[in-house]
$ cat upload.pdb   # PDB, C-alpha atoms
ATOM      1  CA  MET A  35     194.862  26.380  24.457  1.00  0.00           C
ATOM      2  CA  GLU A  36     195.479  22.991  26.093  1.00  0.00           C
ATOM      3  CA  VAL A  37     197.666  24.576  28.783  1.00  0.00           C
ATOM      4  CA  GLU A  38     194.984  27.163  29.615  1.00  0.00           C
ATOM      5  CA  LYS A  39     192.384  24.410  29.870  1.00  0.00           C
ATOM      6  CA  ASN A  40     194.606  22.413  32.244  1.00  0.00           C
ATOM      7  CA  ILE A  41     195.204  25.510  34.383  1.00  0.00           C
ATOM      8  CA  GLU A  42     191.443  26.157  34.560  1.00  0.00           C
ATOM      9  CA  ILE A  43     190.779  22.536  35.551  1.00  0.00           C
ATOM     10  CA  SER A  44     193.477  22.801  38.229  1.00  0.00           C
ATOM     11  CA  LYS A  45     191.937  26.020  39.603  1.00  0.00           C
ATOM     12  CA  ASN A  46     188.487  24.441  39.693  1.00  0.00           C
ATOM     13  CA  LEU A  47     189.838  21.373  41.476  1.00  0.00           C
ATOM     14  CA  THR A  48     191.672  23.535  44.018  1.00  0.00           C
ATOM     15  CA  LEU A  49     188.534  25.581  44.650  1.00  0.00           C
ATOM     16  CA  THR A  50     186.424  22.445  45.052  1.00  0.00           C
ATOM     17  CA  ILE A  51     188.882  20.881  47.503  1.00  0.00           C
ATOM     18  CA  LEU A  52     189.177  24.113  49.506  1.00  0.00           C
ATOM     19  CA  ARG A  53     185.383  24.503  49.579  1.00  0.00           C
ATOM     20  CA  TRP A  54     184.877  20.968  50.907  1.00  0.00           C
ATOM     21  CA  ILE A  55     187.589  21.427  53.522  1.00  0.00           C
ATOM     22  CA  ALA A  56     185.797  24.572  54.726  1.00  0.00           C
ATOM     23  CA  ARG A  57     182.419  22.824  54.736  1.00  0.00           C
ATOM     24  CA  PHE A  58     183.595  19.671  56.501  1.00  0.00           C
ATOM     25  CA  TRP A  59     185.567  21.673  59.068  1.00  0.00           C
ATOM     26  CA  SER A  60     182.552  23.914  59.697  1.00  0.00           C
ATOM     27  CA  TYR A  61     180.270  20.879  60.197  1.00  0.00           C
ATOM     28  CA  ILE A  62     182.621  19.644  62.897  1.00  0.00           C
ATOM     29  CA  VAL A  63     182.864  23.102  64.491  1.00  0.00           C
ATOM     30  CA  VAL A  64     179.091  23.620  64.597  1.00  0.00           C
ATOM     31  CA  ALA A  65     178.528  20.153  66.065  1.00  0.00           C
ATOM     32  CA  PHE A  66     181.276  20.721  68.650  1.00  0.00           C
ATOM     33  CA  ILE A  67     179.906  24.118  69.692  1.00  0.00           C
ATOM     34  CA  LEU A  68     176.313  22.893  69.886  1.00  0.00           C
ATOM     35  CA  LEU A  69     177.409  19.915  71.974  1.00  0.00           C
ATOM     36  CA  PHE A  70     179.301  22.017  74.499  1.00  0.00           C
ATOM     37  CA  VAL A  71     176.807  24.874  74.681  1.00  0.00           C
ATOM     38  CA  GLY A  72     173.958  22.378  75.059  1.00  0.00           C
ATOM     39  CA  ALA A  73     175.828  20.468  77.753  1.00  0.00           C
ATOM     40  CA  HIS A  74     176.544  23.700  79.604  1.00  0.00           C
ATOM     41  CA  ILE A  75     172.943  24.899  79.437  1.00  0.00           C
ATOM     42  CA  PHE A  76     171.426  21.557  80.442  1.00  0.00           C
ATOM     43  CA  GLY A  77     174.149  20.762  82.965  1.00  0.00           C
ATOM     44  CA  TYR A  78     174.482  24.067  84.772  1.00  0.00           C
ATOM     45  CA  GLY A  79     171.684  26.192  83.405  1.00  0.00           C
ATOM     46  CA  ILE A  80     172.232  29.579  81.880  1.00  0.00           C
ATOM     47  CA  GLY A  81     172.978  31.162  85.225  1.00  0.00           C
ATOM     48  CA  LYS A  82     174.086  34.708  85.802  1.00  0.00           C
ATOM     49  CA  MET A  83     176.356  36.161  83.191  1.00  0.00           C
ATOM     50  CA  SER A  84     177.967  39.573  83.333  1.00  0.00           C
ATOM     51  CA  LEU A  85     177.147  41.997  80.536  1.00  0.00           C
ATOM     52  CA  SER A  86     180.688  41.789  79.152  1.00  0.00           C
ATOM     53  CA  ASP A  87     180.558  37.984  79.130  1.00  0.00           C
ATOM     54  CA  ALA A  88     177.131  38.065  77.464  1.00  0.00           C
ATOM     55  CA  ILE A  89     178.492  40.332  74.724  1.00  0.00           C
ATOM     56  CA  ALA A  90     181.504  38.071  74.221  1.00  0.00           C
ATOM     57  CA  PHE A  91     179.178  35.025  74.155  1.00  0.00           C
ATOM     58  CA  THR A  92     177.131  36.737  71.425  1.00  0.00           C
ATOM     59  CA  PHE A  93     180.209  36.828  69.201  1.00  0.00           C
ATOM     60  CA  PHE A  94     181.679  33.468  70.210  1.00  0.00           C
ATOM     61  CA  PRO A  95     180.125  30.929  70.014  1.00  0.00           C
ATOM     62  CA  VAL A  96     176.781  32.337  68.803  1.00  0.00           C
ATOM     63  CA  GLY A  97     177.975  34.650  66.000  1.00  0.00           C
ATOM     64  CA  LEU A  98     180.574  32.179  64.789  1.00  0.00           C
ATOM     65  CA  THR A  99     178.038  29.341  64.641  1.00  0.00           C
ATOM     66  CA  ILE A 100     175.428  31.436  62.834  1.00  0.00           C
ATOM     67  CA  GLY A 101     178.058  32.630  60.345  1.00  0.00           C
ATOM     68  CA  LEU A 102     179.239  29.112  59.582  1.00  0.00           C
ATOM     69  CA  ILE A 103     175.694  27.849  59.091  1.00  0.00           C
ATOM     70  CA  ILE A 104     174.946  30.746  56.716  1.00  0.00           C
ATOM     71  CA  ALA A 105     178.171  29.966  54.830  1.00  0.00           C
ATOM     72  CA  TRP A 106     176.827  26.556  53.850  1.00  0.00           C
ATOM     73  CA  TRP A 107     174.491  28.428  51.488  1.00  0.00           C
ATOM     74  CA  LYS A 108     176.138  31.843  51.056  1.00  0.00           C
ATOM     75  CA  GLU A 109     179.908  31.640  51.421  1.00  0.00           C
ATOM     76  CA  SER A 110     180.440  35.387  51.282  1.00  0.00           C
ATOM     77  CA  ILE A 111     177.927  36.458  53.934  1.00  0.00           C
ATOM     78  CA  GLY A 112     178.533  33.504  56.242  1.00  0.00           C
ATOM     79  CA  GLY A 113     182.303  33.738  56.043  1.00  0.00           C
ATOM     80  CA  ILE A 114     182.206  37.449  56.761  1.00  0.00           C
ATOM     81  CA  VAL A 115     179.793  37.015  59.704  1.00  0.00           C
ATOM     82  CA  ALA A 116     181.944  34.236  61.191  1.00  0.00           C
ATOM     83  CA  THR A 117     185.196  36.160  60.731  1.00  0.00           C
ATOM     84  CA  ILE A 118     183.822  39.436  62.079  1.00  0.00           C
ATOM     85  CA  SER A 119     182.316  37.564  65.038  1.00  0.00           C
ATOM     86  CA  ILE A 120     185.631  36.075  66.090  1.00  0.00           C
ATOM     87  CA  ILE A 121     187.418  39.425  65.662  1.00  0.00           C
ATOM     88  CA  ALA A 122     184.692  41.143  67.694  1.00  0.00           C
ATOM     89  CA  PHE A 123     185.008  38.449  70.366  1.00  0.00           C
ATOM     90  CA  HIS A 124     188.743  39.133  70.710  1.00  0.00           C
ATOM     91  CA  LEU A 125     188.200  42.903  70.803  1.00  0.00           C
ATOM     92  CA  THR A 126     185.513  42.453  73.472  1.00  0.00           C
ATOM     93  CA  MET A 127     187.929  40.361  75.516  1.00  0.00           C
ATOM     94  CA  LEU A 128     190.622  43.024  75.062  1.00  0.00           C
ATOM     95  CA  PHE A 129     188.377  45.860  76.235  1.00  0.00           C
ATOM     96  CA  ASN A 130     186.832  43.918  79.125  1.00  0.00           C
ATOM     97  CA  HIS A 131     189.736  41.820  80.396  1.00  0.00           C
ATOM     98  CA  GLY A 132     192.842  43.547  79.044  1.00  0.00           C
ATOM     99  CA  ASN A 133     193.969  40.726  76.739  1.00  0.00           C
ATOM    100  CA  LEU A 134     192.929  39.365  73.356  1.00  0.00           C
ATOM    101  CA  ASP A 135     192.356  35.904  74.857  1.00  0.00           C
ATOM    102  CA  PHE A 136     193.934  33.927  72.025  1.00  0.00           C
ATOM    103  CA  VAL A 137     193.260  30.264  72.700  1.00  0.00           C
ATOM    104  CA  PHE A 138     194.407  27.695  70.157  1.00  0.00           C
ATOM    105  CA  LEU A 139     191.066  25.849  70.197  1.00  0.00           C
ATOM    106  CA  ILE A 140     189.065  29.038  69.575  1.00  0.00           C
ATOM    107  CA  GLU A 141     191.320  29.964  66.676  1.00  0.00           C
ATOM    108  CA  MET A 142     190.965  26.486  65.153  1.00  0.00           C
ATOM    109  CA  LEU A 143     187.188  26.742  65.459  1.00  0.00           C
ATOM    110  CA  ALA A 144     187.301  30.051  63.568  1.00  0.00           C
ATOM    111  CA  VAL A 145     189.346  28.825  60.568  1.00  0.00           C
ATOM    112  CA  PRO A 146     186.379  27.908  58.316  1.00  0.00           C
ATOM    113  CA  GLY A 147     185.200  31.554  58.242  1.00  0.00           C
ATOM    114  CA  PRO A 148     188.228  32.866  56.327  1.00  0.00           C
ATOM    115  CA  LEU A 149     188.275  29.681  54.217  1.00  0.00           C
ATOM    116  CA  PHE A 150     184.728  30.421  53.064  1.00  0.00           C
ATOM    117  CA  ILE A 151     185.761  33.984  52.199  1.00  0.00           C
ATOM    118  CA  ILE A 152     188.711  32.666  50.171  1.00  0.00           C
ATOM    119  CA  CYS A 153     186.406  30.251  48.325  1.00  0.00           C
ATOM    120  CA  TRP A 154     184.002  33.058  47.553  1.00  0.00           C
ATOM    121  CA  LEU A 155     186.789  35.308  46.267  1.00  0.00           C
ATOM    122  CA  LEU A 156     188.270  32.534  44.119  1.00  0.00           C
ATOM    123  CA  SER A 157     184.884  31.608  42.662  1.00  0.00           C
ATOM    124  CA  ARG A 158     184.203  35.251  41.767  1.00  0.00           C
ATOM    125  CA  ASN A 159     187.361  35.332  39.647  1.00  0.00           C
ATOM    126  CA  LYS A 160     186.345  32.309  37.575  1.00  0.00           C
ATOM    127  CA  LYS A 161     185.786  33.001  33.879  1.00  0.00           C
ATOM    128  CA  PRO A 162     182.398  32.000  32.530  1.00  0.00           C
ATOM    129  CA  ALA A 163     182.584  28.869  30.384  1.00  0.00           C
TER     130      ALA A 163
END

$ encode --input "upload.pdb" --output "structure tokens"
Amino acid sequence: MEVEKNIEISKNLTLTILRWIARFWSYIVVAFILLFVGAHIFGYGIGKMSLSDAIAFTFFPVGLTIGLIIAWWKESIGGIVATISIIAFHLTMLFNHGNLDFVFLIEMLAVPGPLFIICWLLSRNKKPA
């Protein structure tokens, strides 16, 4: 009984730490994206964007940012939106430019999406007290 209780406490602590890592990381990502998108819009204006670039822009940074903000309240939906957005961005880049356009910074900005999904899955498997 004592061992099971310690294991449950350890799982809860792990979930809590993972959840706060995802949240903190997503706060930084959203702030970073808003800063750079805002600077681009106010510095250069929206300008002319090709249809393929507009579609890619819809997925990253817009879809990723919306997904991460949703994840602050609903980990499942937000994490899925953020993760699907970054996958769709890479597929759009593949179809339009012939490569997946993997950039380390973009991948680091996308990490909170799967972390939120993991938190949601782990919290679903918790036994009721």

$ residues_around --input "upload.pdb" --residues "Asn46 of chain A" --least-positions-apart "5" --cutoff "10 Å" --atoms "all atoms listed in the file" --output "PyMOL selection string"
chain A and resi 40-41+51-52+156-157+160

$ atom_distance --input "upload.pdb" --atom1 "atom CA of Trp59 of chain A" --atom2 "atom CA of Phe150 of chain A"
10.6 Å

$ residues_near_point --input "upload.pdb" --point "(192.3, 42.0, 69.0)" --cutoff "6 Å" --atoms "all atoms listed in the file" --output "VMD selection string"
chain A and resid 124 to 125 134

$ closest_residue --input "upload.pdb" --among "A:Ile151, A:Ile140, A:Leu69, A:Met83" --to "Ser110 of chain A" --atoms "only C-alpha atoms"
A:Ile151

$ residues_around --input "upload.pdb" --residues "Ile120 of chain A" --least-positions-apart "6" --cutoff "8 Å" --atoms "only C-alpha atoms" --output "JSON list (two decimals) with C-alpha atoms, in the coordinates of the input"
[["chain", "number", "residue", "atom", "x", "y", "z"],
["A", 93, "PHE", "CA", 180.21, 36.83, 69.20],
["A", 94, "PHE", "CA", 181.68, 33.47, 70.21],
["A", 97, "GLY", "CA", 177.98, 34.65, 66.00],
["A", 98, "LEU", "CA", 180.57, 32.18, 64.79],
["A", 144, "ALA", "CA", 187.30, 30.05, 63.57]]

$ atom_distance --input "upload.pdb" --atom1 "atom CA of Gly72 of chain A" --atom2 "atom CA of Val96 of chain A"
12.1 Å

$ resolve_selection --input "upload.pdb" --expression "the PyMOL selection byres ((chain A and resi 115-117) around 9)" --output "list in words"
Phe93, Gly97, Leu98, Thr99, Ile100, Gly101, Leu102, Ile104, Ala105, Ser110, Ile111, Gly112, Gly113, Ile114, Ile118, Ser119, Ile120, Ile121, Ala122, Ala144, Val145, Pro146, Gly147, Pro148 and Ile151 of chain A

$ axis_aligned_box --input "upload.pdb" --around "segment 108-117 of chain A" --padding-each-side "3 Å" --output "JSON"
{"center_x": 180.7, "center_y": 34.5, "center_z": 56.1, "size_x": 15.1, "size_y": 11.8, "size_z": 16.1}

$ residues_near_point --input "upload.pdb" --point "(178.9, 42.0, 75.8)" --cutoff "12 Å" --atoms "all atoms listed in the file" --output "list in words"
Met83, Ser84, Leu85, Ser86, Asp87, Ala88, Ile89, Ala90, Phe91, Thr92, Phe93, Phe94, Ala122, Phe123, His124, Leu125, Thr126, Met127, Leu128, Phe129, Asn130 and His131 of chain A

$ write_last_selection --input "upload.pdb" --atoms "C-alpha atoms" --output "PDB file, in the coordinates of the input"
ATOM      1  CA  MET A  83     176.356  36.161  83.191  1.00  0.00           C
ATOM      2  CA  SER A  84     177.967  39.573  83.333  1.00  0.00           C
ATOM      3  CA  LEU A  85     177.147  41.997  80.536  1.00  0.00           C
ATOM      4  CA  SER A  86     180.688  41.789  79.152  1.00  0.00           C
ATOM      5  CA  ASP A  87     180.558  37.984  79.130  1.00  0.00           C
ATOM      6  CA  ALA A  88     177.131  38.065  77.464  1.00  0.00           C
ATOM      7  CA  ILE A  89     178.492  40.332  74.724  1.00  0.00           C
ATOM      8  CA  ALA A  90     181.504  38.071  74.221  1.00  0.00           C
ATOM      9  CA  PHE A  91     179.178  35.025  74.155  1.00  0.00           C
ATOM     10  CA  THR A  92     177.131  36.737  71.425  1.00  0.00           C
ATOM     11  CA  PHE A  93     180.209  36.828  69.201  1.00  0.00           C
ATOM     12  CA  PHE A  94     181.679  33.468  70.210  1.00  0.00           C
ATOM     13  CA  ALA A 122     184.692  41.143  67.694  1.00  0.00           C
ATOM     14  CA  PHE A 123     185.008  38.449  70.366  1.00  0.00           C
ATOM     15  CA  HIS A 124     188.743  39.133  70.710  1.00  0.00           C
ATOM     16  CA  LEU A 125     188.200  42.903  70.803  1.00  0.00           C
ATOM     17  CA  THR A 126     185.513  42.453  73.472  1.00  0.00           C
ATOM     18  CA  MET A 127     187.929  40.361  75.516  1.00  0.00           C
ATOM     19  CA  LEU A 128     190.622  43.024  75.062  1.00  0.00           C
ATOM     20  CA  PHE A 129     188.377  45.860  76.235  1.00  0.00           C
ATOM     21  CA  ASN A 130     186.832  43.918  79.125  1.00  0.00           C
ATOM     22  CA  HIS A 131     189.736  41.820  80.396  1.00  0.00           C
TER      23      HIS A 131
END

$ build_atoms --input "upload.pdb" --residues "segment 94-113 of chain A" --atoms "N, CA and C atoms" --output "tab-separated table (two decimals), keeping the file's coordinate frame"
chain	number	residue	atom	x	y	z
A	94	PHE	N	181.19	34.85	70.20
A	94	PHE	CA	181.68	33.47	70.21
A	94	PHE	C	181.06	32.77	71.39
A	95	PRO	N	180.27	31.78	71.18
A	95	PRO	CA	180.12	30.93	70.01
A	95	PRO	C	178.93	31.25	69.10
A	96	VAL	N	178.02	32.14	69.55
A	96	VAL	CA	176.78	32.34	68.80
A	96	VAL	C	177.03	32.90	67.40
A	97	GLY	N	177.73	34.02	67.30
A	97	GLY	CA	177.98	34.65	66.00
A	97	GLY	C	178.77	33.75	65.06
A	98	LEU	N	179.77	33.09	65.61
A	98	LEU	CA	180.57	32.18	64.79
A	98	LEU	C	179.71	31.05	64.24
A	99	THR	N	178.89	30.45	65.08
A	99	THR	CA	178.04	29.34	64.64
A	99	THR	C	177.03	29.79	63.58
A	100	ILE	N	176.39	30.92	63.81
A	100	ILE	CA	175.43	31.44	62.83
A	100	ILE	C	176.13	31.72	61.50
A	101	GLY	N	177.31	32.34	61.56
A	101	GLY	CA	178.06	32.63	60.34
A	101	GLY	C	178.42	31.38	59.57
A	102	LEU	N	178.86	30.35	60.27
A	102	LEU	CA	179.24	29.11	59.58
A	102	LEU	C	178.03	28.41	58.97
A	103	ILE	N	176.90	28.46	59.66
A	103	ILE	CA	175.69	27.85	59.09
A	103	ILE	C	175.25	28.62	57.85
A	104	ILE	N	175.30	29.93	57.89
A	104	ILE	CA	174.95	30.75	56.72
A	104	ILE	C	175.90	30.43	55.56
A	105	ALA	N	177.16	30.21	55.87
A	105	ALA	CA	178.17	29.97	54.83
A	105	ALA	C	177.92	28.69	54.05
A	106	TRP	N	177.15	27.77	54.60
A	106	TRP	CA	176.83	26.56	53.85
A	106	TRP	C	176.01	26.89	52.61
A	107	TRP	N	175.29	28.01	52.65
A	107	TRP	CA	174.49	28.43	51.49
A	107	TRP	C	175.09	29.65	50.80
A	108	LYS	N	175.57	30.60	51.58
A	108	LYS	CA	176.14	31.84	51.06
A	108	LYS	C	177.53	32.03	51.65
A	109	GLU	N	178.54	31.60	50.90
A	109	GLU	CA	179.91	31.64	51.42
A	109	GLU	C	180.34	33.04	51.82
A	110	SER	N	179.99	34.02	51.02
A	110	SER	CA	180.44	35.39	51.28
A	110	SER	C	179.88	35.91	52.60
A	111	ILE	N	178.57	35.90	52.75
A	111	ILE	CA	177.93	36.46	53.93
A	111	ILE	C	178.31	35.66	55.17
A	112	GLY	N	178.22	34.34	55.09
A	112	GLY	CA	178.53	33.50	56.24
A	112	GLY	C	179.98	33.62	56.68
A	113	GLY	N	180.89	33.60	55.71
A	113	GLY	CA	182.30	33.74	56.04
A	113	GLY	C	182.62	35.07	56.69
